[in-house]
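Colleague: Below is the file my_file.txt, which contains compact mmCIF, C-alpha atoms.
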```txt
# COMPACT_ATOMS: atom_id res chain seq x y z
CA MET A 1 120.62 40.79 118.99
CA TYR A 2 120.49 39.51 122.57
CA LEU A 3 118.88 41.75 125.24
CA GLY A 4 119.78 41.02 128.84
CA LYS A 5 117.00 40.96 131.46
CA ALA A 6 117.84 44.44 132.77
CA THR A 7 117.98 45.93 129.28
CA LEU A 8 114.77 44.20 128.28
CA LEU A 9 113.03 45.50 131.39
CA GLN A 10 114.20 49.07 130.61
CA PHE A 11 112.96 48.71 127.02
CA VAL A 12 109.53 47.46 128.08
CA THR A 13 109.27 50.21 130.73
CA LEU A 14 110.22 53.03 128.33
CA LEU A 15 108.15 51.77 125.38
CA PRO A 16 104.84 53.40 126.51
CA VAL A 17 106.67 56.71 127.07
CA ALA A 18 108.18 56.58 123.59
CA LEU A 19 104.83 55.70 122.05
CA SER A 20 103.12 58.53 123.96
CA LEU A 21 105.75 60.99 122.78
CA HIS A 22 105.31 59.80 119.19
CA ASP A 23 101.53 60.11 119.47
CA ALA A 24 101.87 63.63 120.88
CA GLN A 25 104.20 64.65 118.05
CA ALA A 26 101.84 63.18 115.47
CA ALA A 27 98.88 64.97 117.05
CA GLY A 28 100.85 68.21 117.10
CA ALA A 29 101.75 67.83 113.42
CA ASP A 30 98.09 67.15 112.57
CA ALA A 31 96.94 70.19 114.54
CA ASP A 32 99.54 72.37 112.83
CA ALA A 33 98.53 71.12 109.37
CA GLU A 34 94.90 71.82 110.23
CA LEU A 35 95.80 75.36 111.34
CA ARG A 36 97.70 75.99 108.10
CA SER A 37 94.74 74.70 106.11
CA ARG A 38 92.44 76.99 108.10
CA ALA A 39 94.74 79.96 107.36
CA GLN A 40 94.59 79.24 103.63
CA GLU A 41 90.82 78.96 103.83
CA LEU A 42 90.45 82.27 105.72
CA ALA A 43 92.78 84.08 103.32
CA GLN A 44 90.37 83.19 100.52
CA LYS A 45 87.21 83.75 102.56
CA LEU A 46 87.94 87.11 104.21
CA LEU A 47 88.15 90.45 102.46
CA LEU A 48 91.87 91.27 102.53
CA ILE A 49 93.24 94.77 101.87
CA ASP A 50 96.87 95.87 101.68
CA THR A 51 97.17 99.63 102.10
CA HIS A 52 100.59 100.18 100.52
CA LEU A 53 102.09 98.64 97.39
CA ASP A 54 104.83 100.43 95.44
CA THR A 55 104.27 98.34 92.32
CA PRO A 56 103.33 101.34 90.10
CA TRP A 57 106.80 102.84 90.57
CA GLU A 58 108.53 99.55 89.74
CA VAL A 59 106.39 99.03 86.64
CA HIS A 60 106.87 102.68 85.66
CA LYS A 61 110.67 102.37 85.81
CA LYS A 62 110.71 99.25 83.64
CA TRP A 63 107.43 97.81 82.43
CA TYR A 64 106.58 94.18 83.14
CA ASP A 65 103.34 92.21 82.91
CA ILE A 66 101.58 91.95 86.29
CA SER A 67 98.56 90.15 84.83
CA VAL A 68 100.54 86.87 84.87
CA ARG A 69 103.07 85.43 87.31
CA ALA A 70 105.93 87.88 86.96
CA GLU A 71 109.60 86.96 87.15
CA LYS A 72 110.28 90.06 89.24
CA GLY A 73 108.59 92.17 91.89
CA GLN A 74 106.40 91.17 94.81
CA PHE A 75 102.96 91.70 93.25
CA ASP A 76 101.09 90.28 90.30
CA TYR A 77 97.58 88.96 89.68
CA VAL A 78 98.45 85.27 90.00
CA ARG A 79 100.30 85.58 93.30
CA ALA A 80 97.71 88.03 94.68
CA ARG A 81 94.92 85.52 94.03
CA GLN A 82 97.02 82.75 95.55
CA GLY A 83 97.53 84.82 98.72
CA GLY A 84 93.90 85.93 99.01
CA LEU A 85 94.55 89.63 98.33
CA ASN A 86 91.34 91.37 97.25
CA ALA A 87 92.20 95.08 97.27
CA ALA A 88 95.43 97.07 97.18
CA PHE A 89 96.26 100.74 97.37
CA MET A 90 98.52 101.32 94.37
CA VAL A 91 100.94 104.07 95.27
CA ALA A 92 102.31 106.73 92.95
CA TYR A 93 105.68 107.18 94.65
CA ILE A 94 107.39 110.55 94.17
CA ALA A 95 111.11 110.39 94.96
CA PRO A 96 112.34 113.23 97.23
CA GLU A 97 114.53 114.82 94.53
CA TYR A 98 111.39 115.90 92.64
CA GLU A 99 110.82 118.46 95.39
CA GLU A 100 113.75 120.44 94.01
CA LYS A 101 113.94 119.54 90.35
CA GLY A 102 110.20 119.76 89.61
CA GLY A 103 107.99 117.43 87.63
CA ALA A 104 106.41 115.80 90.69
CA ARG A 105 102.79 116.35 89.67
CA ALA A 106 103.47 115.12 86.13
CA LEU A 107 105.11 111.97 87.48
CA ALA A 108 102.17 111.28 89.81
CA ASP A 109 99.83 111.82 86.86
CA GLN A 110 101.73 109.30 84.75
CA MET A 111 101.60 106.58 87.39
CA ILE A 112 97.89 107.17 88.12
CA GLU A 113 97.17 106.80 84.39
CA GLU A 114 99.32 103.67 84.26
CA VAL A 115 97.36 102.09 87.13
CA LYS A 116 94.12 102.97 85.32
CA GLY A 117 95.69 101.19 82.37
CA TYR A 118 95.95 97.95 84.37
CA ALA A 119 92.16 97.87 84.67
CA GLN A 120 91.65 98.89 81.04
CA LYS A 121 94.13 96.36 79.65
CA TRP A 122 93.09 93.46 81.89
CA PRO A 123 89.46 94.20 82.97
CA GLU A 124 88.85 90.57 83.94
CA LYS A 125 91.71 90.78 86.47
CA PHE A 126 91.84 94.35 87.81
CA VAL A 127 89.17 96.91 88.67
CA LEU A 128 89.40 100.41 90.16
CA ALA A 129 87.60 101.66 93.27
CA ALA A 130 87.22 105.08 94.86
CA SER A 131 85.03 104.26 97.88
CA PRO A 132 84.77 101.61 100.61
CA GLN A 133 81.43 100.47 99.19
CA GLU A 134 82.96 99.86 95.77
CA VAL A 135 85.64 97.71 97.42
CA ARG A 136 82.93 95.68 99.17
CA ASN A 137 80.83 95.38 96.02
CA GLN A 138 83.77 94.03 94.02
CA PHE A 139 84.73 91.45 96.66
CA GLY A 140 84.21 87.95 95.30
CA SER A 141 84.42 88.96 91.65
CA GLY A 142 87.78 87.27 91.09
CA ARG A 143 89.36 90.63 90.28
CA ILE A 144 91.89 92.59 92.34
CA THR A 145 90.52 95.99 93.32
CA LEU A 146 93.01 98.83 92.91
CA VAL A 147 92.80 102.17 94.74
CA HIS A 148 94.96 105.18 93.86
CA ALA A 149 97.29 106.75 96.44
CA ILE A 150 100.21 109.19 96.36
CA GLU A 151 103.37 108.89 98.45
CA ASN A 152 105.00 112.29 99.02
CA GLY A 153 103.14 115.60 99.04
CA SER A 154 105.79 117.02 96.71
CA ALA A 155 103.27 116.05 94.03
CA LEU A 156 101.16 119.08 95.04
CA GLU A 157 103.87 121.50 93.88
CA ASP A 158 102.75 124.13 96.38
CA ASP A 159 99.28 124.43 94.82
CA LEU A 160 96.33 123.47 97.02
CA LYS A 161 94.11 123.03 93.95
CA ASN A 162 96.16 119.97 93.03
CA LEU A 163 94.64 118.11 95.98
CA LYS A 164 91.17 118.42 94.46
CA TYR A 165 92.62 117.48 91.09
CA PHE A 166 94.13 114.28 92.50
CA TYR A 167 91.01 113.48 94.50
CA ASP A 168 88.97 113.73 91.31
CA CYS A 169 91.48 111.32 89.71
CA GLY A 170 90.57 108.77 92.41
CA VAL A 171 93.43 109.30 94.88
CA ARG A 172 92.14 108.37 98.33
CA TYR A 173 95.17 108.92 100.51
CA MET A 174 98.38 110.90 100.37
CA THR A 175 101.53 110.29 102.39
CA LEU A 176 102.60 113.79 103.41
CA CYS A 177 106.32 113.30 102.75
CA HIS A 178 108.94 110.66 102.09
CA SER A 179 112.56 110.45 103.25
CA LYS A 180 113.31 114.20 103.01
CA ASN A 181 111.63 117.30 104.37
CA ASN A 182 109.37 118.87 101.75
CA HIS A 183 107.19 121.97 101.41
CA LEU A 184 104.46 120.37 103.55
CA CYS A 185 106.34 119.03 106.57
CA ASP A 186 109.40 117.46 108.15
CA SER A 187 110.34 113.83 107.51
CA SER A 188 111.41 111.29 110.13
CA PHE A 189 114.25 110.25 107.82
CA ASP A 190 115.93 113.62 107.21
CA GLN A 191 118.94 114.87 109.17
CA GLY A 192 117.12 117.71 110.90
CA PRO A 193 113.90 119.74 110.93
CA LYS A 194 113.00 122.43 108.44
CA TRP A 195 109.57 123.39 109.81
CA HIS A 196 109.55 121.72 113.25
CA GLY A 197 106.45 119.88 112.06
CA LEU A 198 104.03 121.13 109.45
CA SER A 199 104.73 124.12 107.22
CA PRO A 200 102.02 126.81 106.88
CA PHE A 201 101.12 125.20 103.54
CA GLY A 202 101.08 121.77 105.21
CA ARG A 203 98.47 123.01 107.67
CA GLN A 204 96.30 124.09 104.76
CA VAL A 205 96.80 120.67 103.18
CA VAL A 206 95.55 118.89 106.32
CA ALA A 207 92.39 121.02 106.33
CA GLU A 208 91.81 120.52 102.61
CA MET A 209 92.29 116.74 102.83
CA ASN A 210 89.70 116.71 105.61
CA ARG A 211 87.34 118.77 103.46
CA LEU A 212 87.73 116.48 100.46
CA GLY A 213 87.60 113.24 102.41
CA MET A 214 91.13 112.17 101.47
CA MET A 215 92.90 110.09 104.12
CA ILE A 216 96.03 111.63 105.67
CA ASP A 217 98.93 109.19 105.80
CA VAL A 218 101.47 109.93 108.55
CA SER A 219 103.97 107.22 107.62
CA HIS A 220 107.37 108.87 107.06
CA VAL A 221 106.59 112.10 108.95
CA SER A 222 108.60 113.38 111.92
CA ASP A 223 107.20 113.09 115.44
CA ASP A 224 106.47 116.83 115.55
CA THR A 225 104.60 116.59 112.25
CA PHE A 226 102.59 113.62 113.51
CA TYR A 227 101.42 115.36 116.69
CA GLN A 228 100.46 118.51 114.79
CA VAL A 229 98.46 116.47 112.28
CA ILE A 230 96.69 114.65 115.11
CA GLU A 231 95.83 117.99 116.72
CA LEU A 232 94.62 119.64 113.49
CA SER A 233 92.81 116.86 111.67
CA LYS A 234 89.04 116.69 112.06
CA ALA A 235 89.02 113.08 110.86
CA PRO A 236 90.90 109.89 111.78
CA VAL A 237 94.46 109.57 110.49
CA VAL A 238 96.23 106.52 109.06
CA ALA A 239 99.80 105.23 109.01
CA THR A 240 99.61 103.09 105.87
CA HIS A 241 102.98 101.32 106.14
CA SER A 242 104.65 101.70 109.54
CA ALA A 243 105.44 99.47 112.51
CA CYS A 244 106.19 99.69 116.25
CA ARG A 245 109.17 101.64 117.57
CA HIS A 246 108.93 99.45 120.68
CA PHE A 247 110.99 96.90 118.71
CA THR A 248 113.22 99.43 116.90
CA PRO A 249 114.02 102.15 119.45
CA LEU A 250 116.72 103.74 117.26
CA TRP A 251 114.35 104.46 114.41
CA GLN A 252 111.83 107.28 114.19
CA ARG A 253 110.35 105.90 110.98
CA ASN A 254 108.33 103.53 113.19
CA MET A 255 105.72 104.78 115.67
CA SER A 256 106.23 105.03 119.43
CA ASP A 257 103.65 103.62 121.85
CA GLU A 258 102.52 107.15 122.66
CA MET A 259 101.98 107.91 118.97
CA ILE A 260 100.02 104.69 118.45
CA CYS A 261 97.82 105.54 121.43
CA ASP A 262 97.16 109.06 120.09
CA LEU A 263 96.48 107.68 116.61
CA ALA A 264 93.97 105.20 118.04
CA ALA A 265 92.32 107.82 120.26
CA LYS A 266 91.52 109.73 117.07
CA GLY A 267 90.06 106.57 115.50
CA GLY A 268 93.15 105.92 113.39
CA VAL A 269 94.84 102.72 112.23
CA ILE A 270 98.47 101.65 111.96
CA GLN A 271 98.98 99.32 109.01
CA ILE A 272 101.96 97.11 109.77
CA ASN A 273 104.88 97.25 107.32
CA PHE A 274 106.41 93.86 106.39
CA GLY A 275 109.94 95.16 105.71
CA SER A 276 112.62 93.37 107.73
CA ILE A 277 114.19 96.66 108.87
CA PHE A 278 110.81 97.70 110.27
CA ILE A 279 110.05 94.58 112.26
CA ASN A 280 113.33 92.92 113.29
CA THR A 281 115.40 94.60 116.02
CA ALA A 282 118.76 93.26 114.83
CA THR A 283 118.09 94.02 111.16
CA ASN A 284 117.04 97.53 112.05
CA ARG A 285 120.19 98.17 114.11
CA GLU A 286 122.34 96.94 111.22
CA PHE A 287 120.46 99.16 108.76
CA VAL A 288 120.73 102.26 110.96
CA LYS A 289 124.46 101.66 111.49
CA LEU A 290 125.11 101.22 107.76
CA ARG A 291 123.05 104.28 106.89
CA GLU A 292 125.09 106.42 109.30
CA GLU A 293 128.38 105.05 107.90
CA ILE A 294 127.22 105.94 104.38
CA ARG A 295 126.19 109.43 105.48
CA GLN A 296 129.56 110.10 107.10
CA TYR A 297 131.48 108.84 104.05
CA VAL A 298 129.36 110.89 101.63
CA GLU A 299 129.94 114.04 103.67
CA ALA A 300 133.67 113.41 104.14
CA HIS A 301 134.22 112.83 100.41
CA ASN A 302 131.67 115.43 99.25
CA LEU A 303 129.85 112.90 97.05
CA GLN A 304 126.86 114.28 95.16
CA GLY A 305 124.39 113.19 92.50
CA ASP A 306 125.25 109.94 90.72
CA GLU A 307 128.44 109.48 92.77
CA GLU A 308 126.44 109.51 96.00
CA ASP A 309 123.76 107.21 94.56
CA ASN A 310 126.29 104.74 93.19
CA TYR A 311 128.21 104.57 96.46
CA THR A 312 125.02 104.17 98.50
CA ASN A 313 123.69 101.43 96.21
CA GLN A 314 127.01 99.62 96.28
CA ARG A 315 127.13 99.58 100.09
CA PHE A 316 123.57 98.30 100.37
CA ASP A 317 124.13 95.67 97.67
CA GLN A 318 127.12 94.37 99.64
CA ALA A 319 125.40 94.47 103.03
CA LYS A 320 124.35 91.33 104.88
CA PHE A 321 121.41 91.82 107.21
CA SER A 322 120.00 89.52 109.87
CA LYS A 323 117.06 87.40 108.82
CA ALA A 324 113.54 88.39 109.87
CA TYR A 325 110.55 86.08 110.18
CA VAL A 326 106.82 86.27 109.58
CA SER A 327 106.26 85.64 113.30
CA GLN A 328 107.86 89.03 114.02
CA VAL A 329 105.22 90.80 111.93
CA ALA A 330 102.68 89.03 114.14
CA ASP A 331 104.62 90.38 117.16
CA HIS A 332 104.00 93.94 115.95
CA ILE A 333 100.30 93.25 115.43
CA ASP A 334 100.15 91.73 118.91
CA HIS A 335 101.84 94.79 120.38
CA VAL A 336 99.31 97.18 118.84
CA VAL A 337 96.37 95.03 119.93
CA LYS A 338 97.63 94.87 123.52
CA LEU A 339 98.27 98.61 123.49
CA VAL A 340 95.09 100.00 121.90
CA GLY A 341 92.83 97.09 120.96
CA ILE A 342 91.90 95.13 117.84
CA ASP A 343 90.25 98.05 116.01
CA HIS A 344 93.42 99.99 115.20
CA VAL A 345 95.75 97.68 113.28
CA GLY A 346 95.89 96.46 109.68
CA LEU A 347 98.22 95.34 106.89
CA GLY A 348 100.41 97.72 104.86
CA SER A 349 103.15 95.49 103.46
CA ASP A 350 105.17 98.07 101.48
CA PHE A 351 105.70 95.29 98.90
CA ASP A 352 107.79 96.46 95.95
CA GLY A 353 109.05 99.24 98.21
CA VAL A 354 111.18 97.05 100.52
CA ASP A 355 113.96 94.73 99.38
CA GLN A 356 114.44 92.85 102.62
CA VAL A 357 111.30 90.95 103.65
CA PRO A 358 110.79 88.31 106.35
CA GLU A 359 111.08 84.61 105.71
CA GLY A 360 107.51 83.49 105.07
CA LEU A 361 106.34 86.85 103.68
CA GLN A 362 108.19 86.98 100.39
CA ASP A 363 105.37 88.46 98.28
CA VAL A 364 101.59 88.81 97.98
CA SER A 365 101.11 85.04 97.83
CA ALA A 366 102.20 84.75 101.47
CA TYR A 367 99.42 86.46 103.50
CA PRO A 368 98.17 83.00 104.66
CA ASN A 369 101.46 82.53 106.53
CA LEU A 370 100.73 85.64 108.61
CA ILE A 371 97.14 84.55 109.21
CA TYR A 372 98.51 81.19 110.38
CA GLU A 373 100.80 82.94 112.88
CA LEU A 374 97.84 84.92 114.24
CA LEU A 375 95.63 81.81 114.46
CA LYS A 376 98.39 80.13 116.50
CA ARG A 377 98.13 83.02 118.95
CA GLY A 378 94.40 82.59 119.36
CA TYR A 379 93.05 85.31 117.06
CA SER A 380 89.44 84.63 116.14
CA GLU A 381 87.95 84.87 112.67
CA GLU A 382 86.19 88.08 113.75
CA ALA A 383 89.51 89.60 114.88
CA LEU A 384 91.22 88.56 111.64
CA LYS A 385 88.39 90.12 109.66
CA LYS A 386 89.17 93.47 111.32
CA ILE A 387 92.92 93.19 110.76
CA CYS A 388 92.59 92.10 107.15
CA ALA A 389 90.13 94.77 106.01
CA GLU A 390 87.41 96.05 108.32
CA ASN A 391 89.59 98.46 110.29
CA SER A 392 90.83 100.03 107.05
CA LEU A 393 87.33 100.33 105.59
CA ARG A 394 85.93 101.75 108.83
CA LEU A 395 88.58 104.49 108.90
CA TRP A 396 88.11 105.29 105.21
CA THR A 397 84.34 105.51 105.74
CA GLU A 398 84.74 107.84 108.73
CA VAL A 399 87.06 110.14 106.76
CA SER A 400 84.49 110.29 103.95
CA GLN A 401 81.64 110.94 106.37
CA ALA A 402 83.59 113.68 108.16
CA ALA A 403 84.05 115.43 104.80
CA GLY A 404 80.36 115.14 104.00
CA SER A 405 79.32 116.61 107.36
CA ARG A 406 80.98 119.97 106.67
```
Turn the structure described in the file into structure tokens.

Modeller:
Amino acid sequence: MYLGKATLLQFVTLLPVALSLHDAQAAGADADAELRSRAQELAQKLLLIDTHLDTPWEVHKKWYDISVRAEKGQFDYVRARQGGLNAAFMVAYIAPEYEEKGGARALADQMIEEVKGYAQKWPEKFVLAASPQEVRNQFGSGRITLVHAIENGSALEDDLKNLKYFYDCGVRYMTLCHSKNNHLCDSSFDQGPKWHGLSPFGRQVVAEMNRLGMMIDVSHVSDDTFYQVIELSKAPVVATHSACRHFTPLWQRNMSDEMICDLAAKGGVIQINFGSIFINTATNREFVKLREEIRQYVEAHNLQGDEEDNYTNQRFDQAKFSKAYVSQVADHIDHVVKLVGIDHVGLGSDFDGVDQVPEGLQDVSAYPNLIYELLKRGYSEEALKKICAENSLRLWTEVSQAAGSR
């Protein structure tokens, strides 16, 4: 091919620019690869705790083997080790309908025993813990530490003695309610208040949880309930699987800036939920809109029981939601850190409790992708240590110490 003088001159002039651009791109790719490698390394090096996994409910509904790489679900031993997960709060989830039909305590009992069974059946892979020190002692053993928790105070069945019973079983936090008001408090997800916060029994529960040293989880509660818990509790409070309402203004399930500030002022921690509807503004709007459409249709056609469930499931199965990304989970962590500092944020994925998860956070193997996003933003190893575990352990320790001081 013949190049004229002018063309040749242009080519020679632009060649250094092209080479510089190529060098810069290559250097950028190398730096990115190094950062990803560093994220993988830190995921294995740092103690990493996830404060909310709904795996016990999924395994309870239809048993599958979590000691090997499972074909379903978002948690198993193999993927947990791959992602660097060291400890997980295994949640006995009590569906809201048990509030009315009964059997909530028995169901919680079954799932607690089933989680104990993981450690008994596969002792080389899973081990139980009931204190922060036990979690620390088991770090590095190659086993995943499991801690009992209950989601939905319906499990108490209006008997305060059941709190002590569950504490003695190893339960170390309880989420006060789920998506419906119960006999303890109002839910952020229900259509209206029943108690305008805590019930009289709920107030007793807060005091008893303080006395026992059981962490109070305010995920799912209404705003009124939250502020009353903050006022009454003598110990720090935790939101084990929530996110920032700053990004989802239509949704009370997430926490407002004011709530996060009050939580932090009490020494509490917000553990960021990975669910797409929690972290992505567009996904959340679509979810809220669909939920309202379903509610209106159910009311207009007086659907109840299985008819209501089938219709709801069908609509959600057919729904197409906007995609969320792992970087948006990092946005929520950033927001909390800028608002109240590094000491009040952690990880509460809600894996096996959320269907829609961000690209890059598909299951427990993917924590390194989030660490990578935080490294890109300049988070130090010391800061990541706090986010991954130390903030959770500090709060848990303070709740235990507050109980021991009375």

Colleague: Rank A:Glu208, A:Gln228, A:Ile216, A:Gly275 by their smallest atom-to-atom distance to His196 (chain A), using all atoms listed in the file, and report the top residue only.

Modeller: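 Ranking A:Glu208, A:Gln228, A:Ile216, A:Gly275 by distance to His196 (chain A), first place goes to A:Gln228.
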
Colleague: Could you tell me which of A:His220, A:His332, A:Arg211, A:Lys266 comes closest to Gln401 (chain A) if we count only C-alpha atoms?

Modeller: A:Arg211

Colleague: Which one of A:Gly348, A:Gly404, A:Gly140, A:Pro96 sits closest to Arg81 (chain A) if you count only C-alpha atoms?

Modeller: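 So, comparing all the options, the nearest one is A:Gly140.
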
Colleague: Around all the atoms of region 92-102 of chain A listed in the file, with 8 Å of room on each side, what axis-aligned box do you get, giving centre and edge lengths in Å to one decimal, as lines of an AutoDock Vina configuration file?

Modeller:
```
center_x = 108.4
center_y = 113.6
center_z = 93.4
size_x = 28.2
size_y = 29.7
size_z = 23.6
```

Colleague: Using all atoms listed in the file - which residues lie no farther than 7 Å from the point (131.0, 100.3, 104.6) in the file's frame? Write them as a list in words.

Modeller: Leu290, Glu293, Ile294 and Arg315 of chain A

Colleague: Using all atoms listed in the file, pick whichever of A:Ile66, A:Ala87, A:Ala129, A:Ala264 has the shortest atom-to-atom distance to Leu46 (chain A).

Modeller: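 With all atoms listed in the file as the atom set, the closest residue is A:Ala87.
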
Colleague: One decimal, Å: what's the distance from CA of Ser222 (chain A) over to CA of Asp186 (chain A), could you say?

Modeller: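 It comes out at 5.6 Å.
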
Colleague: For Asp54 (chain A), which of A:Ala92, A:Leu395, A:Val205, A:Val329 is the closest residue, counting only C-alpha atoms?

Modeller: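 Checking each of A:Ala92, A:Leu395, A:Val205, A:Val329 against Asp54 (chain A), counting only C-alpha atoms, the winner is A:Ala92.
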